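K.L.:
Sharing run_17.cif here; it has mmCIF, C-alpha atoms.
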```
data_my_file
loop_
_atom_site.label_atom_id
_atom_site.label_comp_id
_atom_site.auth_asym_id
_atom_site.auth_seq_id
_atom_site.Cartn_x
_atom_site.Cartn_y
_atom_site.Cartn_z
CA MET Y 1 4.74 25.37 7.15
CA GLU Y 2 3.82 23.88 3.80
CA GLU Y 3 1.77 20.73 3.70
CA THR Y 4 3.79 18.15 1.79
CA MET Y 5 1.65 15.11 2.46
CA GLU Y 6 -0.67 14.23 -0.41
CA THR Y 7 -4.18 13.35 0.57
CA GLN Y 8 -5.04 9.73 -0.05
CA PRO Y 9 -8.33 9.05 -1.79
CA SER Y 10 -10.96 7.60 0.52
CA LEU Y 11 -11.43 3.83 0.66
CA ALA Y 12 -14.74 4.30 -1.14
CA GLN Y 13 -12.96 6.21 -3.95
CA GLN Y 14 -10.24 3.54 -4.16
CA PHE Y 15 -12.91 0.83 -4.28
CA ARG Y 16 -14.77 2.63 -7.09
CA ASP Y 17 -11.50 2.99 -9.00
CA LYS Y 18 -10.55 -0.70 -8.70
CA VAL Y 19 -13.62 -2.93 -8.26
CA VAL Y 20 -16.60 -3.62 -10.52
CA LEU Y 21 -19.66 -5.06 -8.77
CA LYS Y 22 -22.26 -6.13 -11.32
CA VAL Y 23 -25.72 -7.58 -10.75
CA SER Y 24 -25.99 -10.93 -12.52
CA LYS Y 25 -28.66 -13.59 -12.89
CA ILE Y 26 -27.86 -17.24 -12.21
CA ILE Y 27 -29.05 -19.10 -15.31
CA LYS Y 28 -27.52 -22.51 -14.55
CA VAL Y 29 -26.34 -24.30 -11.40
CA GLU Y 30 -24.16 -27.40 -11.67
CA GLN Y 31 -22.31 -29.47 -9.10
CA HIS Y 32 -18.55 -29.27 -9.74
CA PRO Y 33 -17.43 -32.76 -10.85
CA GLY Y 34 -14.22 -32.50 -8.82
CA GLY Y 35 -15.40 -30.68 -5.70
CA THR Y 36 -18.20 -31.67 -3.33
CA MET Y 37 -18.37 -28.13 -1.87
CA LEU Y 38 -18.32 -26.34 -5.25
CA TYR Y 39 -21.00 -25.21 -7.68
CA ILE Y 40 -20.32 -24.07 -11.21
CA LEU Y 41 -22.68 -21.14 -11.84
CA THR Y 42 -23.46 -19.78 -15.29
CA LEU Y 43 -24.46 -16.12 -15.13
CA ASP Y 44 -26.19 -13.55 -17.29
CA CYS Y 45 -24.29 -10.33 -16.55
CA GLY Y 46 -25.92 -8.30 -19.29
CA ASP Y 47 -23.06 -9.08 -21.69
CA GLU Y 48 -23.29 -10.84 -25.05
CA GLU Y 49 -21.92 -14.09 -23.62
CA PRO Y 50 -22.77 -15.78 -20.31
CA ARG Y 51 -20.06 -15.90 -17.64
CA GLN Y 52 -19.03 -18.82 -15.46
CA ILE Y 53 -17.90 -18.74 -11.82
CA VAL Y 54 -17.09 -21.42 -9.27
CA SER Y 55 -18.38 -20.93 -5.73
CA SER Y 56 -17.99 -22.95 -2.53
CA ILE Y 57 -21.59 -22.53 -1.37
CA VAL Y 58 -22.84 -26.14 -1.71
CA PRO Y 59 -23.15 -26.59 2.09
CA PHE Y 60 -25.40 -23.53 2.32
CA TYR Y 61 -27.68 -23.62 -0.75
CA LYS Y 62 -29.55 -26.14 -2.88
CA PRO Y 63 -29.47 -25.52 -6.65
CA GLU Y 64 -33.15 -24.55 -6.72
CA GLU Y 65 -32.49 -21.83 -4.11
CA LEU Y 66 -30.01 -20.22 -6.51
CA GLN Y 67 -31.59 -20.79 -9.92
CA ASP Y 68 -32.77 -17.54 -11.59
CA LYS Y 69 -31.71 -15.36 -8.62
CA HIS Y 70 -29.98 -12.03 -9.02
CA ILE Y 71 -26.62 -11.93 -7.24
CA VAL Y 72 -23.72 -9.47 -7.02
CA LEU Y 73 -20.62 -10.48 -8.94
CA VAL Y 74 -17.11 -9.14 -8.40
CA TYR Y 75 -16.97 -8.75 -12.16
CA ASN Y 76 -13.33 -7.83 -12.63
CA LEU Y 77 -11.77 -10.27 -10.16
CA LYS Y 78 -8.74 -11.91 -11.74
CA PRO Y 79 -9.84 -15.29 -13.18
CA ALA Y 80 -8.75 -18.43 -11.33
CA ASN Y 81 -9.03 -22.18 -11.78
CA PHE Y 82 -10.81 -24.31 -9.19
CA ARG Y 83 -10.05 -27.99 -9.65
CA GLY Y 84 -9.70 -27.53 -13.39
CA VAL Y 85 -12.68 -25.21 -13.94
CA ARG Y 86 -12.12 -21.53 -14.72
CA SER Y 87 -13.92 -19.00 -12.55
CA ASN Y 88 -14.42 -15.51 -13.99
CA GLY Y 89 -15.39 -13.60 -10.87
CA MET Y 90 -16.83 -14.20 -7.43
CA LEU Y 91 -20.25 -13.75 -5.90
CA LEU Y 92 -20.65 -11.55 -2.84
CA ALA Y 93 -21.78 -13.18 0.38
CA ALA Y 94 -22.13 -12.08 4.00
CA SER Y 95 -21.13 -14.05 7.05
CA GLU Y 96 -20.66 -13.58 10.74
CA GLY Y 97 -17.38 -13.79 12.56
CA ASP Y 98 -13.78 -13.23 11.66
CA THR Y 99 -12.84 -12.93 7.99
CA SER Y 100 -9.48 -14.54 8.71
CA GLU Y 101 -11.14 -17.91 9.32
CA ALA Y 102 -10.24 -20.28 6.51
CA ASP Y 103 -13.43 -22.33 6.87
CA HIS Y 104 -16.58 -20.26 6.88
CA GLU Y 105 -19.30 -21.80 8.99
CA THR Y 106 -21.85 -19.21 7.88
CA CYS Y 107 -22.76 -17.86 4.47
CA GLU Y 108 -25.52 -15.69 3.04
CA VAL Y 109 -25.38 -15.04 -0.69
CA LEU Y 110 -26.25 -11.39 -1.20
CA PHE Y 111 -29.24 -11.59 -3.50
CA ALA Y 112 -30.11 -8.42 -5.42
CA PRO Y 113 -33.74 -8.75 -6.56
CA ASP Y 114 -34.26 -4.96 -6.66
CA PHE Y 115 -31.62 -4.44 -9.35
CA ALA Y 116 -31.70 -5.18 -13.09
CA VAL Y 117 -29.15 -7.54 -14.61
CA GLY Y 118 -26.04 -5.60 -15.59
CA THR Y 119 -26.50 -2.85 -12.98
CA GLN Y 120 -23.17 -1.72 -11.60
CA LEU Y 121 -23.18 -1.09 -7.84
CA GLU Y 122 -21.01 1.59 -6.21
CA PRO Y 123 -20.53 3.18 -2.78
CA GLU Y 124 -23.01 6.02 -2.08
CA GLY Y 125 -22.03 9.23 -3.83
CA PHE Y 126 -20.05 7.53 -6.61
CA GLU Y 127 -20.90 6.79 -10.22
CA PRO Y 128 -19.43 3.84 -12.15
CA PRO Y 129 -16.22 4.75 -13.98
CA GLU Y 130 -16.55 5.31 -17.69
CA GLU Y 131 -13.32 3.50 -18.49
CA LYS Y 132 -13.02 -0.27 -18.33
CA LEU Y 133 -11.19 -1.34 -15.18
CA CYS Y 134 -8.34 -3.86 -15.08
CA TYR Y 135 -8.54 -7.10 -13.15
CA VAL Y 136 -8.30 -6.83 -9.38
CA LYS Y 137 -6.39 -9.52 -7.51
CA PRO Y 138 -8.26 -11.31 -4.71
CA ASP Y 139 -5.95 -9.98 -1.98
CA LYS Y 140 -6.56 -6.39 -3.15
CA PHE Y 141 -10.32 -6.97 -3.18
CA PHE Y 142 -10.34 -8.54 0.29
CA ALA Y 143 -8.31 -5.59 1.64
CA PHE Y 144 -11.45 -3.46 1.33
CA PRO Y 145 -13.43 -3.75 4.59
CA LEU Y 146 -16.90 -4.49 3.19
CA VAL Y 147 -19.41 -5.16 5.97
CA THR Y 148 -23.10 -5.40 6.66
CA ARG Y 149 -24.37 -2.85 9.15
CA ASP Y 150 -28.02 -2.88 10.17
CA GLY Y 151 -28.71 -5.01 7.10
CA PHE Y 152 -27.02 -2.75 4.54
CA VAL Y 153 -23.79 -3.60 2.72
CA GLU Y 154 -21.30 -0.79 3.38
CA LEU Y 155 -17.76 0.34 2.86
CA GLU Y 156 -16.41 3.13 5.04
CA GLY Y 157 -19.97 3.98 6.15
CA LYS Y 158 -21.19 4.35 2.55
CA ARG Y 159 -23.92 1.98 1.43
CA ILE Y 160 -23.35 -0.02 -1.77
CA GLY Y 161 -26.06 0.36 -4.39
CA ALA Y 162 -27.34 2.19 -7.46
CA GLU Y 163 -30.14 4.59 -8.36
CA GLY Y 164 -31.12 5.24 -4.73
CA LYS Y 165 -31.48 1.52 -3.87
CA TYR Y 166 -29.03 -0.38 -1.68
CA LEU Y 167 -27.75 -3.91 -1.37
CA THR Y 168 -28.97 -5.64 1.78
CA ALA Y 169 -28.42 -8.78 3.83
CA SER Y 170 -31.34 -10.46 5.57
CA VAL Y 171 -29.54 -13.00 7.79
CA TYR Y 172 -26.15 -11.49 8.71
CA LYS Y 173 -27.25 -7.89 9.25
CA ASN Y 174 -24.02 -7.01 11.09
CA GLY Y 175 -21.25 -9.09 9.60
CA VAL Y 176 -18.49 -9.26 7.06
CA VAL Y 177 -18.76 -9.40 3.27
CA GLY Y 178 -16.49 -11.21 0.87
#
```
Give the structure from the file, written as structure tokens.
P.N.:
Amino acid sequence: MEETMETQPSLAQQFRDKVVLKVSKIIKVEQHPGGTMLYILTLDCGDEEPRQIVSSIVPFYKPEELQDKHIVLVYNLKPANFRGVRSNGMLLAASEGDTSEADHETCEVLFAPDFAVGTQLEPEGFEPPEEKLCYVKPDKFFAFPLVTRDGFVELEGKRIGAEGKYLTASVYKNGVVG
């Protein structure tokens, strides 16, 4: 009997083919004028121009806890407006509990001090694609089951990192990432 079913690429391969995770440095933290839970973060992503994102992490972090830190940015997330301010990406954070909860009660920004600005992170065994990837919609990004397991950020059992170093969480060592 001939095998007619095509083999689907692994989740890790699909992730590598759709999502760009880039280490970025927070160079400016501002309170969003129209949102008490929102910061406007200006980032150095290793590009010519800085990039701006909006993040709902005010309840969890003071500006000085974020300033000059290296974070992981979902670099090619489709831009969105948050109360009139354009956000060009999303930072990665870990939390405990169910990802379907609308209001997160826990949040740990995934800091990346071991990586240089502009480093692209991939699942173990994968190299960054050479071609520029298109935008990924938030629902497509959130469909990938990123988790923390024993402190390491993983997808399908493959740690996320670059050059033999891996992204870690220090608070939510066994949680969800988004």
K.L.:
Please tell me which residues are no farther than 12 Å from (-21.8, 4.3, -6.2) in the file, counting only C-alpha atoms, and write them as a PyMOL selection string.
P.N.:
chain Y and resi 12-17+19-22+119-129+154-155+158-167
K.L.:
Which residue gives the smallest distance to Arg149 in chain Y among Y:Lys173, Y:Arg51, Y:His32, Y:Lys25, with all atoms listed in the file counted?
P.N.:
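Residue with the minimum atom-to-atom distance to Arg149 in chain Y: Y:Lys173.
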K.L.:
Measure the distance from CA of Glu30 in chain Y to CA of Ser95 in chain Y in Å and round it to one decimal.
P.N.:
23.2 Å
K.L.:
Please provide the set of residues having any atom within 12 Å of range 73-78 of chain Y, restricted to all atoms listed in the file, with same-chain residues fewer than 4 positions apart removed, written as a PyMOL selection string.
P.N.:
chain Y and resi 15-26+41-47+51-55+86-93+109-112+117-122+132-142+177-178
K.L.:
Care to translate the PyMOL selection byres ((chain Y and resi 113) around 8) into actual residues of this file, as a list in words?
P.N.:
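Evaluating the PyMOL selection byres ((chain Y and resi 113) around 8) on these coordinates yields Lys69, His70, Ile71, Phe111, Ala112, Asp114, Phe115 and Ala116 of chain Y.
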K.L.:
Give the answer as one residue: which of Y:Val58, Y:Thr106, Y:Glu96, Y:Ala143 has the shortest atom-to-atom distance to Asn174 in chain Y, using all atoms listed in the file?
P.N.:
Y:Glu96
K.L.:
For the structure provided, state which residues fall under the PyMOL selection byres ((chain Y and resi 148) around 8), and present them as a PDB file with C-alpha atoms, in the frame of the given file.
P.N.:
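out_5.pdb was written with the following content:
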```pdb
ATOM      1  CA  ALA Y  94     -22.130 -12.080   4.000  1.00  0.00           C
ATOM      2  CA  LEU Y 146     -16.900  -4.490   3.190  1.00  0.00           C
ATOM      3  CA  VAL Y 147     -19.410  -5.160   5.970  1.00  0.00           C
ATOM      4  CA  ARG Y 149     -24.370  -2.850   9.150  1.00  0.00           C
ATOM      5  CA  ASP Y 150     -28.020  -2.880  10.170  1.00  0.00           C
ATOM      6  CA  GLY Y 151     -28.710  -5.010   7.100  1.00  0.00           C
ATOM      7  CA  PHE Y 152     -27.020  -2.750   4.540  1.00  0.00           C
ATOM      8  CA  VAL Y 153     -23.790  -3.600   2.720  1.00  0.00           C
ATOM      9  CA  GLU Y 154     -21.300  -0.790   3.380  1.00  0.00           C
ATOM     10  CA  THR Y 168     -28.970  -5.640   1.780  1.00  0.00           C
ATOM     11  CA  ALA Y 169     -28.420  -8.780   3.830  1.00  0.00           C
ATOM     12  CA  TYR Y 172     -26.150 -11.490   8.710  1.00  0.00           C
ATOM     13  CA  LYS Y 173     -27.250  -7.890   9.250  1.00  0.00           C
ATOM     14  CA  ASN Y 174     -24.020  -7.010  11.090  1.00  0.00           C
ATOM     15  CA  GLY Y 175     -21.250  -9.090   9.600  1.00  0.00           C
ATOM     16  CA  VAL Y 176     -18.490  -9.260   7.060  1.00  0.00           C
ATOM     17  CA  VAL Y 177     -18.760  -9.400   3.270  1.00  0.00           C
TER      18      VAL Y 177
END
```
